[in-house]
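For reference, upload_37.cif (mmCIF, C-alpha atoms):
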```cif
data_work
loop_
_atom_site.label_atom_id
_atom_site.label_comp_id
_atom_site.auth_asym_id
_atom_site.auth_seq_id
_atom_site.Cartn_x
_atom_site.Cartn_y
_atom_site.Cartn_z
CA MET Q 1 9.62 21.43 5.65
CA LYS Q 2 9.68 20.64 1.95
CA ILE Q 3 7.44 17.66 1.13
CA ALA Q 4 7.22 15.72 -2.13
CA VAL Q 5 4.41 13.25 -2.81
CA VAL Q 6 5.58 10.81 -5.47
CA GLY Q 7 2.62 9.08 -7.10
CA LEU Q 8 -0.84 10.67 -6.95
CA GLY Q 9 -3.00 7.57 -7.31
CA GLY Q 10 -5.67 6.59 -4.83
CA VAL Q 11 -3.30 6.38 -1.87
CA GLY Q 12 -0.90 9.19 -2.71
CA GLY Q 13 -3.81 11.37 -3.78
CA TYR Q 14 -5.57 10.97 -0.45
CA PHE Q 15 -2.57 11.58 1.80
CA GLY Q 16 -1.02 14.12 -0.54
CA GLY Q 17 -4.35 15.92 -0.64
CA LYS Q 18 -4.40 16.08 3.14
CA LEU Q 19 -0.85 17.47 3.24
CA ALA Q 20 -1.53 20.06 0.54
CA GLY Q 21 -4.81 21.07 2.13
CA LYS Q 22 -3.00 21.90 5.36
CA TYR Q 23 0.46 23.04 4.33
CA ALA Q 24 0.52 24.25 0.71
CA ASP Q 25 1.07 28.00 0.35
CA SER Q 26 2.19 28.25 3.97
CA PRO Q 27 5.36 30.05 5.08
CA GLU Q 28 6.71 27.00 6.93
CA HIS Q 29 6.09 24.20 4.43
CA THR Q 30 6.07 23.43 0.73
CA VAL Q 31 4.06 20.58 -0.81
CA ILE Q 32 4.98 19.21 -4.22
CA PHE Q 33 3.07 16.62 -6.27
CA ILE Q 34 5.03 14.35 -8.60
CA ALA Q 35 2.54 12.89 -11.05
CA ARG Q 36 2.18 12.29 -14.79
CA GLY Q 37 -0.10 12.25 -17.81
CA GLU Q 38 -3.68 13.51 -17.84
CA HIS Q 39 -3.85 13.34 -14.05
CA LEU Q 40 -0.98 15.80 -13.76
CA ALA Q 41 -2.43 18.07 -16.43
CA ALA Q 42 -5.76 18.25 -14.59
CA ILE Q 43 -4.04 18.97 -11.25
CA ARG Q 44 -2.05 21.77 -12.87
CA ARG Q 45 -5.24 23.32 -14.25
CA GLU Q 46 -7.59 23.00 -11.31
CA GLY Q 47 -5.79 21.37 -8.39
CA LEU Q 48 -6.64 17.96 -6.95
CA LEU Q 49 -10.27 17.25 -6.08
CA LEU Q 50 -10.30 14.87 -3.10
CA LYS Q 51 -13.64 13.15 -2.55
CA ALA Q 52 -13.28 11.51 0.86
CA VAL Q 53 -15.91 9.87 3.01
CA GLU Q 54 -15.46 12.70 5.51
CA GLY Q 55 -15.98 15.40 2.90
CA VAL Q 56 -14.93 16.89 -0.42
CA CYS Q 57 -12.17 19.43 -0.92
CA ARG Q 58 -10.05 20.84 -3.71
CA VAL Q 59 -6.36 21.37 -2.95
CA ILE Q 60 -3.64 23.13 -4.89
CA PRO Q 61 -0.02 22.08 -4.25
CA ASP Q 62 2.82 24.56 -4.39
CA LEU Q 63 4.12 22.69 -7.44
CA ALA Q 64 2.87 19.83 -9.61
CA THR Q 65 5.39 18.29 -11.98
CA ASP Q 66 6.58 15.11 -13.65
CA HIS Q 67 10.23 16.16 -13.32
CA PRO Q 68 11.65 15.67 -9.80
CA ALA Q 69 14.57 17.94 -10.71
CA GLU Q 70 12.09 20.87 -10.79
CA ALA Q 71 11.29 20.20 -7.14
CA GLY Q 72 14.86 20.03 -5.86
CA SER Q 73 15.89 18.34 -2.62
CA CYS Q 74 13.11 17.69 -0.08
CA ASP Q 75 12.94 16.86 3.60
CA LEU Q 76 10.15 14.29 3.26
CA VAL Q 77 9.28 12.09 0.30
CA LEU Q 78 5.95 10.29 0.56
CA PHE Q 79 6.46 7.44 -1.91
CA SER Q 80 3.22 6.03 -3.28
CA VAL Q 81 3.53 4.23 -6.61
CA LYS Q 82 2.43 0.79 -7.74
CA GLU Q 83 4.88 -1.91 -6.67
CA TYR Q 84 5.63 -2.85 -10.27
CA ASP Q 85 6.81 0.75 -10.84
CA LEU Q 86 8.94 0.80 -7.67
CA GLU Q 87 12.39 0.36 -9.20
CA ALA Q 88 11.85 2.85 -12.03
CA ALA Q 89 10.29 5.45 -9.73
CA ALA Q 90 12.96 4.99 -7.06
CA ALA Q 91 15.71 5.44 -9.61
CA GLY Q 92 14.27 8.88 -10.36
CA LEU Q 93 14.25 10.06 -6.74
CA ASP Q 94 17.85 11.30 -6.73
CA PRO Q 95 17.05 15.02 -7.33
CA LEU Q 96 14.65 14.96 -4.35
CA LEU Q 97 17.15 13.63 -1.84
CA HIS Q 98 19.65 15.15 0.53
CA ALA Q 99 21.55 13.35 3.29
CA ASN Q 100 18.72 13.73 5.83
CA THR Q 101 15.69 13.24 3.58
CA VAL Q 102 13.11 10.90 5.09
CA ILE Q 103 11.54 8.57 2.53
CA LEU Q 104 8.22 7.11 3.66
CA PRO Q 105 6.78 4.43 1.36
CA VAL Q 106 3.08 3.68 1.70
CA LEU Q 107 2.95 0.69 -0.61
CA ASN Q 108 1.63 -2.74 0.19
CA GLY Q 109 4.17 -5.44 1.01
CA VAL Q 110 6.64 -6.27 3.74
CA ASP Q 111 9.94 -5.82 1.85
CA ILE Q 112 9.39 -2.40 0.27
CA ALA Q 113 11.80 -0.47 2.51
CA ALA Q 114 14.60 -2.97 1.90
CA ARG Q 115 14.08 -2.73 -1.84
CA LEU Q 116 14.13 1.07 -1.71
CA ARG Q 117 17.31 1.12 0.36
CA SER Q 118 19.07 -0.92 -2.31
CA ILE Q 119 18.30 1.81 -4.87
CA VAL Q 120 18.30 5.27 -3.28
CA PRO Q 121 21.75 6.80 -2.77
CA ARG Q 122 21.04 8.73 0.42
CA GLY Q 123 18.39 9.62 2.97
CA SER Q 124 16.58 7.45 5.53
CA VAL Q 125 13.97 4.96 4.37
CA LEU Q 126 11.20 4.10 6.82
CA SER Q 127 8.57 1.39 6.55
CA GLY Q 128 4.92 2.28 6.34
CA CYS Q 129 1.48 0.87 5.65
CA VAL Q 130 -1.97 2.35 5.19
CA TYR Q 131 -5.55 1.13 5.54
CA ILE Q 132 -7.56 2.80 2.83
CA SER Q 133 -9.72 2.07 -0.21
CA SER Q 134 -9.33 4.86 -2.76
CA PHE Q 135 -8.79 5.34 -6.47
CA ILE Q 136 -8.47 7.86 -9.29
CA GLU Q 137 -12.04 8.54 -10.34
CA ALA Q 138 -11.05 10.85 -13.20
CA PRO Q 139 -8.01 12.97 -14.10
CA GLY Q 140 -7.47 15.30 -11.17
CA VAL Q 141 -10.03 13.51 -9.00
CA VAL Q 142 -9.32 10.98 -6.21
CA ARG Q 143 -12.16 9.24 -4.40
CA GLN Q 144 -11.80 7.48 -1.03
CA VAL Q 145 -14.58 4.98 -0.34
CA GLY Q 146 -13.48 2.94 2.65
CA GLY Q 147 -10.85 1.94 5.16
CA THR Q 148 -9.83 3.68 8.35
CA CYS Q 149 -7.34 5.91 6.47
CA GLN Q 150 -4.75 5.05 9.12
CA LEU Q 151 -1.05 5.44 8.29
CA VAL Q 152 1.36 3.43 10.47
CA PHE Q 153 5.09 4.00 10.04
CA GLY Q 154 8.44 3.60 11.74
CA PRO Q 155 12.09 2.61 11.33
CA ASP Q 156 13.06 -1.01 10.81
CA GLU Q 157 15.96 -0.39 13.18
CA GLY Q 158 16.91 2.36 15.61
CA ARG Q 159 14.91 4.70 17.80
CA ALA Q 160 11.37 5.40 16.71
CA ASP Q 161 11.08 8.58 18.78
CA THR Q 162 13.46 10.28 16.36
CA TYR Q 163 10.48 10.52 14.03
CA GLN Q 164 7.95 11.98 16.45
CA PRO Q 165 8.08 15.38 14.67
CA LEU Q 166 7.01 13.60 11.49
CA GLU Q 167 4.10 11.98 13.31
CA THR Q 168 3.06 15.42 14.56
CA LEU Q 169 3.31 16.91 11.07
CA LEU Q 170 1.08 14.19 9.64
CA LYS Q 171 -1.47 14.40 12.44
CA GLN Q 172 -1.74 18.18 12.13
CA ALA Q 173 -2.68 17.62 8.48
CA GLY Q 174 -5.63 15.51 9.60
CA ILE Q 175 -3.93 12.20 8.86
CA LYS Q 176 -4.47 9.33 11.28
CA ALA Q 177 -0.75 8.72 11.68
CA GLU Q 178 0.79 6.33 14.18
CA LEU Q 179 4.51 5.98 14.85
CA SER Q 180 5.43 2.37 15.65
CA ALA Q 181 8.51 1.16 17.52
CA ASP Q 182 8.02 -2.32 16.03
CA ILE Q 183 6.88 -1.65 12.49
CA ALA Q 184 7.28 -5.28 11.37
CA VAL Q 185 4.15 -6.24 13.32
CA PRO Q 186 1.74 -3.81 11.58
CA LEU Q 187 3.40 -4.54 8.23
CA TRP Q 188 2.82 -8.27 8.55
CA SER Q 189 -0.59 -7.77 10.16
CA LYS Q 190 -1.69 -5.89 7.05
CA TYR Q 191 -0.07 -8.40 4.71
CA LEU Q 192 -2.03 -11.08 6.55
CA PHE Q 193 -5.31 -9.74 5.17
CA VAL Q 194 -4.44 -7.74 2.08
CA SER Q 195 -2.50 -10.45 0.27
CA PRO Q 196 -5.17 -13.18 0.57
CA MET Q 197 -7.89 -10.74 -0.46
CA ALA Q 198 -5.86 -9.51 -3.42
CA GLY Q 199 -5.33 -13.08 -4.57
CA VAL Q 200 -8.81 -14.45 -3.99
CA THR Q 201 -10.72 -11.47 -5.38
CA SER Q 202 -8.53 -11.58 -8.48
CA LEU Q 203 -9.00 -15.32 -8.93
CA MET Q 204 -12.74 -15.39 -8.33
CA GLY Q 205 -13.59 -12.04 -9.90
CA LEU Q 206 -15.66 -11.11 -6.85
CA CYS Q 207 -15.71 -8.09 -4.53
CA PHE Q 208 -14.94 -8.34 -0.81
CA GLY Q 209 -18.50 -8.95 0.31
CA ASP Q 210 -19.16 -11.69 -2.24
CA VAL Q 211 -15.88 -13.47 -1.47
CA MET Q 212 -16.60 -13.53 2.25
CA ALA Q 213 -20.20 -14.65 1.68
CA ASP Q 214 -19.02 -17.53 -0.50
CA GLU Q 215 -18.13 -20.67 1.50
CA LYS Q 216 -15.24 -21.63 -0.76
CA GLY Q 217 -13.95 -18.08 -1.04
CA ARG Q 218 -13.98 -17.52 2.72
CA ALA Q 219 -12.23 -20.87 3.30
CA MET Q 220 -9.60 -19.92 0.75
CA VAL Q 221 -8.93 -16.64 2.54
CA HIS Q 222 -8.59 -18.41 5.91
CA GLY Q 223 -6.18 -20.97 4.48
CA LEU Q 224 -3.96 -18.33 2.90
CA MET Q 225 -3.93 -16.36 6.16
CA ALA Q 226 -2.80 -19.41 8.10
CA GLU Q 227 0.13 -19.89 5.73
CA ILE Q 228 1.16 -16.23 6.07
CA ALA Q 229 0.98 -16.46 9.87
CA HIS Q 230 3.39 -19.42 9.75
CA LEU Q 231 5.67 -17.50 7.41
CA ALA Q 232 5.71 -14.47 9.72
CA GLY Q 233 6.73 -16.69 12.63
CA ALA Q 234 9.57 -18.14 10.58
CA LYS Q 235 10.72 -14.57 9.82
CA GLY Q 236 10.81 -13.83 13.55
CA VAL Q 237 7.71 -11.63 13.56
CA ALA Q 238 5.46 -12.38 16.53
CA LEU Q 239 1.96 -11.52 15.37
CA PRO Q 240 -0.44 -10.78 18.24
CA ALA Q 241 -2.87 -13.44 19.39
CA GLY Q 242 -6.10 -13.24 17.41
CA SER Q 243 -4.44 -11.66 14.38
CA MET Q 244 -6.41 -13.77 11.93
CA GLU Q 245 -9.69 -12.83 13.59
CA SER Q 246 -8.66 -9.17 13.51
CA ALA Q 247 -7.77 -9.48 9.83
CA ILE Q 248 -11.20 -10.92 9.04
CA ALA Q 249 -12.81 -8.07 11.00
CA ARG Q 250 -10.82 -5.53 8.96
CA ILE Q 251 -12.01 -7.12 5.73
CA GLU Q 252 -15.62 -6.98 6.88
CA HIS Q 253 -15.17 -3.30 7.81
CA PHE Q 254 -14.72 -2.42 4.14
CA PRO Q 255 -17.83 -1.73 2.04
CA PRO Q 256 -18.95 -5.09 0.58
CA GLU Q 257 -18.59 -3.77 -2.98
CA THR Q 258 -14.87 -3.06 -2.47
CA LYS Q 259 -12.51 -4.56 -5.03
CA SER Q 260 -8.83 -5.13 -4.35
CA SER Q 261 -6.35 -3.06 -6.34
CA MET Q 262 -4.90 -6.21 -7.86
CA GLN Q 263 -8.36 -7.35 -8.94
CA LEU Q 264 -8.85 -4.02 -10.70
CA ASP Q 265 -5.49 -4.45 -12.42
CA TYR Q 266 -6.53 -7.89 -13.65
CA GLU Q 267 -9.83 -6.50 -14.92
CA ARG Q 268 -7.99 -3.81 -16.86
CA GLY Q 269 -5.62 -6.36 -18.35
CA GLY Q 270 -2.50 -4.43 -17.33
CA LYS Q 271 0.37 -4.99 -14.95
CA THR Q 272 -0.47 -6.49 -11.57
CA GLU Q 273 1.13 -6.76 -8.12
CA LEU Q 274 1.02 -10.56 -8.21
CA GLU Q 275 4.72 -10.83 -7.35
CA LEU Q 276 4.33 -8.47 -4.40
CA PHE Q 277 1.45 -10.38 -2.84
CA ILE Q 278 1.56 -14.04 -3.83
CA GLY Q 279 4.95 -14.45 -5.47
CA PHE Q 280 6.72 -13.04 -2.41
CA ALA Q 281 5.04 -15.57 -0.10
CA VAL Q 282 5.96 -18.45 -2.40
CA ARG Q 283 9.61 -17.40 -2.63
CA ALA Q 284 9.92 -16.63 1.09
CA GLY Q 285 8.36 -20.00 1.93
CA HIS Q 286 10.91 -21.79 -0.22
CA SER Q 287 13.75 -19.80 1.32
CA LEU Q 288 12.65 -20.48 4.91
CA GLY Q 289 11.40 -24.02 4.43
CA VAL Q 290 7.79 -23.09 5.20
CA PRO Q 291 5.21 -25.06 3.17
CA MET Q 292 2.95 -22.70 1.18
CA PRO Q 293 0.77 -25.03 -0.92
CA LEU Q 294 -2.21 -22.69 -1.16
CA HIS Q 295 -0.01 -19.82 -2.29
CA GLU Q 296 1.75 -22.02 -4.81
CA GLU Q 297 -1.56 -23.11 -6.35
CA LEU Q 298 -2.93 -19.59 -6.32
CA TYR Q 299 0.27 -18.26 -7.89
CA ALA Q 300 0.06 -20.87 -10.64
CA ALA Q 301 -3.60 -20.07 -11.25
CA LEU Q 302 -3.05 -16.35 -11.50
CA THR Q 303 -0.07 -16.70 -13.82
CA GLY Q 304 -2.16 -18.75 -16.20
CA MET Q 305 -0.76 -22.23 -15.44
CA ILE Q 306 -4.15 -23.32 -14.09
CA THR Q 307 -7.16 -22.25 -16.14
CA ASN Q 308 -10.09 -23.13 -13.85
CA ASN Q 309 -11.29 -19.92 -12.24
CA PRO Q 310 -12.19 -20.24 -9.46
CA LEU Q 311 -10.54 -23.42 -8.26
CA PRO Q 312 -12.50 -25.72 -5.93
CA VAL Q 313 -11.67 -25.66 -2.24
CA THR Q 314 -11.25 -29.30 -1.27
CA ASP Q 315 -10.16 -29.17 2.37
CA PRO Q 316 -9.06 -25.75 3.60
CA SER Q 317 -7.98 -27.19 6.92
CA ARG Q 318 -5.22 -28.98 5.06
CA GLY Q 319 -4.17 -25.87 3.15
CA SER Q 320 -5.36 -26.76 -0.35
CA PHE Q 321 -7.99 -25.47 -2.74
#
```
Could you spell out this file's structure in structure tokens?
Amino acid sequence: MKIAVVGLGGVGGYFGGKLAGKYADSPEHTVIFIARGEHLAAIRREGLLLKAVEGVCRVIPDLATDHPAEAGSCDLVLFSVKEYDLEAAAAGLDPLLHANTVILPVLNGVDIAARLRSIVPRGSVLSGCVYISSFIEAPGVVRQVGGTCQLVFGPDEGRADTYQPLETLLKQAGIKAELSADIAVPLWSKYLFVSPMAGVTSLMGLCFGDVMADEKGRAMVHGLMAEIAHLAGAKGVALPAGSMESAIARIEHFPPETKSSMQLDYERGGKTELELFIGFAVRAGHSLGVPMPLHEELYAALTGMITNNPLPVTDPSRGSF
């Protein structure tokens, strides 16, 4: 199998590193990294240094390039870019695709696969989500500091068992992969915790542990989760009983010093995934007639319409700051 990993940031670097560590330079498989800039230059010189909680390893892909045409058509494309780069990156996938290419996005969000399908000309787009805290520590170096490193994936429609060979391939690389026959549930279950934490950590400028130890911050997270649970129901997604409690437990499983990726983007002053996390909920709420007052206020605050940071939580049981 010919595998391309598009985007070698914290997420793509971890899972791409696992794939290259197992399959690069093997007779059966080829692993290609699509990256750019100083990160790509360092990988070309010395390979990718993956510093994971479970251990440190250096991996060398069969090819590292910033030109997908050099890779040619692939059987699997692991798509791992920032959401705000999705359209541009997807538009460049054409040289990697043949009719049966499987495209597996591992971005945050619940509408990523639909957006990809509207752009790519061929191949099958699955949905996927991961539970990991990782980042580029330096050019050519990816550090994983938390999360279960689980990768859940599956088709939005059709038979999931078609993709069991892919699950096997990922597991044999040491990836905690799980094929789901109802991928909407894990997608929305992750969105239930990652979106509120992205928004609240960015607004308050606090890491996970400090947000959850702060009475107002914790109440804000709970209120946002309740709105997302209502939105999921309106979309026809039946979240399991106790999903909010499970989401809180997931948050508390991360190291307390963890920062959300969106918070880091805000700190750097660059592009953010605000539209992916908070903007999506606001727009979907309007479309479905689901009140999202907390999300609307948070969205306004993070886009600069409200300058108090953080905003006071008045009565979280009523869904307001």
Each stretch 159-273 of chain Q residue no farther than 7 Å from stretch 4-21 of chain Q, nearest pair in Å, all atoms listed in the file, as a tab-separated table:
```
residue	atom	partner	partner_atom	distance
Q:Ala173	CA	Q:Leu19	CA	5.6
Q:Gly174	CA	Q:Lys18	CA	6.6
Q:Ile175	CA	Q:Lys18	CA	6.9
```
Apply the PyMOL selection byres ((chain Q and resi 227) around 8) to the file shown and report the selected residues as a VMD selection string. chain Q and resid 223 to 226 228 to 231 291 to 292 294 319
Would you give me, as JSON lines, each residue of stretch 166-278 of chain Q having an atom within 9 Å of an atom of stretch 119-136 of chain Q, along with its shortest atom pair and that distance in Å to one decimal, using only C-alpha atoms and sorting by chain and residue number?
```
{"residue": "Q:Ile183", "atom": "CA", "partner": "Q:Ser127", "partner_atom": "CA", "distance": 6.9}
{"residue": "Q:Ala184", "atom": "CA", "partner": "Q:Ser127", "partner_atom": "CA", "distance": 8.3}
{"residue": "Q:Pro186", "atom": "CA", "partner": "Q:Cys129", "partner_atom": "CA", "distance": 7.6}
{"residue": "Q:Leu187", "atom": "CA", "partner": "Q:Cys129", "partner_atom": "CA", "distance": 6.3}
{"residue": "Q:Lys190", "atom": "CA", "partner": "Q:Cys129", "partner_atom": "CA", "distance": 7.6}
{"residue": "Q:Phe254", "atom": "CA", "partner": "Q:Ser133", "partner_atom": "CA", "distance": 8.0}
{"residue": "Q:Thr258", "atom": "CA", "partner": "Q:Ser133", "partner_atom": "CA", "distance": 7.6}
{"residue": "Q:Lys259", "atom": "CA", "partner": "Q:Ser133", "partner_atom": "CA", "distance": 8.7}
{"residue": "Q:Ser260", "atom": "CA", "partner": "Q:Ser133", "partner_atom": "CA", "distance": 8.4}
{"residue": "Q:Ser261", "atom": "CA", "partner": "Q:Ser133", "partner_atom": "CA", "distance": 8.7}
```
As a check of understanding, name the residues that the PyMOL selection byres ((chain Q and resi 195) around 9) selects in the supplied structure, as a list in words. Asn108, Gly109, Lys190, Tyr191, Leu192, Phe193, Val194, Pro196, Met197, Ala198, Gly199, Val200, Leu224, Met225, Ile228, Leu276, Phe277 and Ile278 of chain Q
Provide the atom CA of Q:Ala89 to atom CA of Q:Gly279 distance in Å, to one decimal place.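 Calculated distance between atom CA of Q:Ala89 and atom CA of Q:Gly279 is 21.0 Å.
Take atom CA of Q:Phe79 and atom CA of Q:Ala281: the distance between them is 23.1 Å.
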Nearby residues (all atoms listed in the file) at most 7 Å from stretch 51-64 of chain Q, same-chain spacing under 6 positions excluded, as a ChimeraX atom specification: /Q:17,20-21,24-25,30-34,40,44,142-145
Expand the PyMOL selection byres ((chain Q and resi 67) around 9) into the individual residues it matches in the shown file, reporting them as a list in words.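 Selected by the PyMOL selection byres ((chain Q and resi 67) around 9) here: Ile34, Ala35, Thr65, Asp66, Pro68, Ala69, Glu70, Ala71 and Gly92 of chain Q.
If you look at atom CA of Q:Asp210 and atom CA of Q:Met262, they are 16.3 Å away from each other.
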Quick one: of Q:Gly158, Q:Gly289, Q:Gly217, Q:Gly236, who's nearest to Q:Trp188, counting only C-alpha atoms? Q:Gly236
